[in-house]
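Presented below is the structure to which this report refers.
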Amino acid sequence: VRSALASAVKVAAAAADRVRPPARGAVVLIYHRVGRRSATPVDLPTDLFRRQVEWIAASARATTLDAALEVVAGSPGPVPAPDPLVVTFDDGTADFAEVALPVLAEHGVPATLYLATDHVERSVPFPNDGQPLSWPAVRDALSTGLVTVGSHTHCHHLLDRTPVDEVAADLDHSIGLIAERCGTAARHFAYPKGLLGSPEAEAAVRARFRSAALGGTRPNPYGRTDPHRLARSPVQVSDGMRWFEHKAKGGLGLEDLARGYAARYRYASATR
Ligand SMILES: [Zn+2]
C-alpha cells in the first residue's frame with residue numbers, strides 16, 4: 001500500500017510540474033547509500049546508481065557544490081546552460097567509498113560527502129545497518145580530487161530541538177575532527193533529516209559554514225538563493241530512472257510536500 005501511495009504521489013507531482021514547471025536553477029541531489037546492504041528506501045541498487053551517474057555524466061551538468069554556489073548565491077550573472085547538478089551524500093557510510101565512489105570516479109562526477117563525525121570517529125553504526133566510513137577511507141576519497149567533505153553535525157542531532165549551546169559545541173566538534181583527521185576545512189553543512197534548525201541553531205550554522213543544505217525537492221534559483229537554505233532532492237530506490245530524471249530536472253516538488261506531512265509525524269519525538 002505504501003509503495004502504491006508513493007508512486008501515486010510521484011505521478012501527481014509530475015502532473016503538477018507540467019501545470020507549473022519548476023524554476024531554472026541548480027539542482028542538488030541527496031543520496032544516502034548504494035549497494036543494497038540494507039532494506040531502507042534510500043539504499044540504491046548499484047546498477048541503478050550506475051545508470052543515474054551515467055545519465056548525470058551524459059547531461060554535462062555535473063558540478064561541484066562550490067561552483068554551483070557561485071551561480072545561485074553570487075551576484076546575478078548570465079544564466080548557465082545547462083543547469084548545474086550537484087551530487088551529495090549524507091551520513092558517511094562505508095558503501096560511499098566501497099561502492100559509490102568508484103562509479104562516480106569512473107564518470108568524473110564530483111560529490112559532496114556530509115559526515116556525522118561521531119559515527120566515523122567512534123565507528124558508531126548508523127540506523128538500518130549503516131556501517132560508518134573510516135577516516136583513512138575518507139582521506140582516500142579526498143585524494144581522488146572529486147570529493148568535498150562537509151559536516152552533518154557530530155552526533156546527527158535534529159537541530160530544531162537541540163539546545164543551542166549543545167548545537168554550537170556539536171558543530172565545533174565536527175569541524176575540528178574533519179580538520180584534524182583530513183586536514184581540510186568543513187565549509188559546507190547538511191541538516192540531519194534535511195530539517196531546518198531553530199533560529200538560534202540556524203544562526204550557529206550560518207556563523208560556521210559557507211553553505212547549509214535542507215530537503216525541499218526543488219531547484220535553487222540563480223542569483224537569489226540563500227546559500228544557508230539550499231534545497232535538495234532526495235533520491236530513493238522507488239525513483240528508478242524515470243522519477244530520478246524528473247528530480248534531476250528540478251521536478252517532483254509536490255512529493256516533498258507529502259513527505260513533509262509524513263515526517264512531521266515520524267520525527268515528532270525523535271532527537272537524532
Ligand atoms: Zn543523515
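Naming works like this for the C-alpha cells: A, B, ... for the chains as they're shown, residue 1 at the start of each chain, ligands 1 onward in shown order.
If you count only C-alpha atoms and ignore residues fewer than 4 places along the chain from A:Val11, what sits within 10 Å of it is Leu5, Ala6, Ser7, Ala15, Ala16, Asp17, Trp243, Leu252, Leu254 and Glu255 of chain A.
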Write the residues of the preceding selection, restricted to C-alpha atoms, as a short mmCIF file (atom, residue, chain, number, x, y, z; two decimals), in the first residue's frame.
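Wrote it out as out.cif, contents follow:
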data_model
loop_
_atom_site.label_atom_id
_atom_site.label_comp_id
_atom_site.auth_asym_id
_atom_site.auth_seq_id
_atom_site.Cartn_x
_atom_site.Cartn_y
_atom_site.Cartn_z
CA LEU A 5 0.74 5.55 -2.46
CA ALA A 6 4.32 6.68 -3.07
CA SER A 7 4.03 6.13 -6.81
CA ALA A 15 1.42 16.33 -13.31
CA ALA A 16 1.79 19.40 -11.09
CA ASP A 17 5.18 20.11 -12.74
CA TRP A 243 11.44 9.75 -11.41
CA LEU A 252 8.55 16.47 -8.16
CA LEU A 254 4.85 18.10 -4.63
CA GLU A 255 6.34 14.82 -3.40
#
Find the nearest atom pair between each residue of chain A and ligand 1 for residues within 12 Å, count only C-alpha atoms and all ligand atoms, give distances in Å to one decimal, sort rows by chain and ascending number, and present the table as JSON lines.
{"residue": "A:Ile30", "atom": "CA", "partner": "ligand 1", "partner_atom_place_in_ligand_line": "1 (Zn)", "distance": 10.0}
{"residue": "A:Tyr31", "atom": "CA", "partner": "ligand 1", "partner_atom_place_in_ligand_line": "1 (Zn)", "distance": 10.0}
{"residue": "A:His32", "atom": "CA", "partner": "ligand 1", "partner_atom_place_in_ligand_line": "1 (Zn)", "distance": 7.8}
{"residue": "A:Arg33", "atom": "CA", "partner": "ligand 1", "partner_atom_place_in_ligand_line": "1 (Zn)", "distance": 10.8}
{"residue": "A:Val42", "atom": "CA", "partner": "ligand 1", "partner_atom_place_in_ligand_line": "1 (Zn)", "distance": 11.2}
{"residue": "A:Thr88", "atom": "CA", "partner": "ligand 1", "partner_atom_place_in_ligand_line": "1 (Zn)", "distance": 11.5}
{"residue": "A:Phe89", "atom": "CA", "partner": "ligand 1", "partner_atom_place_in_ligand_line": "1 (Zn)", "distance": 8.9}
{"residue": "A:Asp90", "atom": "CA", "partner": "ligand 1", "partner_atom_place_in_ligand_line": "1 (Zn)", "distance": 5.2}
{"residue": "A:Asp91", "atom": "CA", "partner": "ligand 1", "partner_atom_place_in_ligand_line": "1 (Zn)", "distance": 4.7}
{"residue": "A:Gly92", "atom": "CA", "partner": "ligand 1", "partner_atom_place_in_ligand_line": "1 (Zn)", "distance": 8.5}
{"residue": "A:Thr93", "atom": "CA", "partner": "ligand 1", "partner_atom_place_in_ligand_line": "1 (Zn)", "distance": 10.1}
{"residue": "A:Leu113", "atom": "CA", "partner": "ligand 1", "partner_atom_place_in_ligand_line": "1 (Zn)", "distance": 10.9}
{"residue": "A:Tyr114", "atom": "CA", "partner": "ligand 1", "partner_atom_place_in_ligand_line": "1 (Zn)", "distance": 8.3}
{"residue": "A:Leu115", "atom": "CA", "partner": "ligand 1", "partner_atom_place_in_ligand_line": "1 (Zn)", "distance": 8.3}
{"residue": "A:Ala116", "atom": "CA", "partner": "ligand 1", "partner_atom_place_in_ligand_line": "1 (Zn)", "distance": 7.3}
{"residue": "A:Thr117", "atom": "CA", "partner": "ligand 1", "partner_atom_place_in_ligand_line": "1 (Zn)", "distance": 11.0}
{"residue": "A:His119", "atom": "CA", "partner": "ligand 1", "partner_atom_place_in_ligand_line": "1 (Zn)", "distance": 10.9}
{"residue": "A:Phe126", "atom": "CA", "partner": "ligand 1", "partner_atom_place_in_ligand_line": "1 (Zn)", "distance": 8.8}
{"residue": "A:Pro127", "atom": "CA", "partner": "ligand 1", "partner_atom_place_in_ligand_line": "1 (Zn)", "distance": 9.8}
{"residue": "A:Asn128", "atom": "CA", "partner": "ligand 1", "partner_atom_place_in_ligand_line": "1 (Zn)", "distance": 11.9}
{"residue": "A:Gly130", "atom": "CA", "partner": "ligand 1", "partner_atom_place_in_ligand_line": "1 (Zn)", "distance": 10.9}
{"residue": "A:Pro132", "atom": "CA", "partner": "ligand 1", "partner_atom_place_in_ligand_line": "1 (Zn)", "distance": 11.8}
{"residue": "A:Ser151", "atom": "CA", "partner": "ligand 1", "partner_atom_place_in_ligand_line": "1 (Zn)", "distance": 10.3}
{"residue": "A:His152", "atom": "CA", "partner": "ligand 1", "partner_atom_place_in_ligand_line": "1 (Zn)", "distance": 6.7}
{"residue": "A:Thr153", "atom": "CA", "partner": "ligand 1", "partner_atom_place_in_ligand_line": "1 (Zn)", "distance": 8.9}
{"residue": "A:His154", "atom": "CA", "partner": "ligand 1", "partner_atom_place_in_ligand_line": "1 (Zn)", "distance": 10.7}
{"residue": "A:Cys155", "atom": "CA", "partner": "ligand 1", "partner_atom_place_in_ligand_line": "1 (Zn)", "distance": 9.8}
{"residue": "A:His156", "atom": "CA", "partner": "ligand 1", "partner_atom_place_in_ligand_line": "1 (Zn)", "distance": 6.4}
{"residue": "A:His157", "atom": "CA", "partner": "ligand 1", "partner_atom_place_in_ligand_line": "1 (Zn)", "distance": 9.1}
{"residue": "A:Leu158", "atom": "CA", "partner": "ligand 1", "partner_atom_place_in_ligand_line": "1 (Zn)", "distance": 9.4}
{"residue": "A:Leu159", "atom": "CA", "partner": "ligand 1", "partner_atom_place_in_ligand_line": "1 (Zn)", "distance": 11.8}
{"residue": "A:Phe189", "atom": "CA", "partner": "ligand 1", "partner_atom_place_in_ligand_line": "1 (Zn)", "distance": 11.2}
{"residue": "A:Ala190", "atom": "CA", "partner": "ligand 1", "partner_atom_place_in_ligand_line": "1 (Zn)", "distance": 8.1}
{"residue": "A:Tyr191", "atom": "CA", "partner": "ligand 1", "partner_atom_place_in_ligand_line": "1 (Zn)", "distance": 7.5}
{"residue": "A:Pro192", "atom": "CA", "partner": "ligand 1", "partner_atom_place_in_ligand_line": "1 (Zn)", "distance": 4.6}
{"residue": "A:Lys193", "atom": "CA", "partner": "ligand 1", "partner_atom_place_in_ligand_line": "1 (Zn)", "distance": 5.4}
{"residue": "A:Gly194", "atom": "CA", "partner": "ligand 1", "partner_atom_place_in_ligand_line": "1 (Zn)", "distance": 7.8}
{"residue": "A:Leu195", "atom": "CA", "partner": "ligand 1", "partner_atom_place_in_ligand_line": "1 (Zn)", "distance": 10.0}
{"residue": "A:Ala213", "atom": "CA", "partner": "ligand 1", "partner_atom_place_in_ligand_line": "1 (Zn)", "distance": 11.4}
{"residue": "A:Leu214", "atom": "CA", "partner": "ligand 1", "partner_atom_place_in_ligand_line": "1 (Zn)", "distance": 10.8}
{"residue": "A:Gly215", "atom": "CA", "partner": "ligand 1", "partner_atom_place_in_ligand_line": "1 (Zn)", "distance": 11.1}
{"residue": "A:Pro234", "atom": "CA", "partner": "ligand 1", "partner_atom_place_in_ligand_line": "1 (Zn)", "distance": 11.5}
{"residue": "A:Arg272", "atom": "CA", "partner": "ligand 1", "partner_atom_place_in_ligand_line": "1 (Zn)", "distance": 8.7}
Original post:
Could you name the residues that touch A:Pro163 at 10 Å or less, counting only C-alpha atoms, but leaving out those on the same chain fewer than 5 positions away, as a list in words?
Top reply: Ala168, Ser198, Glu200 and Ala201 of chain A
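The smallest atom-to-atom distance between A:Gln131 and any of A:Phe244, A:Trp55, A:Phe96, A:Tyr267, using only C-alpha atoms, is found for A:Phe96.
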**OP:** Can you list, as JSON, numbers by chain, all residues belonging to stretch 13-189 of chain A that DSSP tags as helix (DSSP H, G or I)?
**Re:** {"A": [13, 14, 15, 16, 17, 18, 19, 46, 47, 48, 49, 50, 51, 52, 53, 54, 55, 56, 57, 58, 59, 65, 66, 67, 68, 69, 70, 71, 72, 73, 95, 96, 97, 98, 99, 100, 101, 102, 103, 104, 105, 106, 107, 117, 118, 119, 120, 121, 122, 135, 136, 137, 138, 139, 140, 141, 142, 143, 164, 165, 166, 167, 168, 169, 170, 171, 172, 173, 174, 175, 176, 177, 178, 179, 180, 181, 182]}
Subject >> Among the residues A:Val86, A:Thr46, A:Pro125, A:Thr112, the one that comes closest to A:Val99 [using only C-alpha atoms] >> reply: A:Thr46
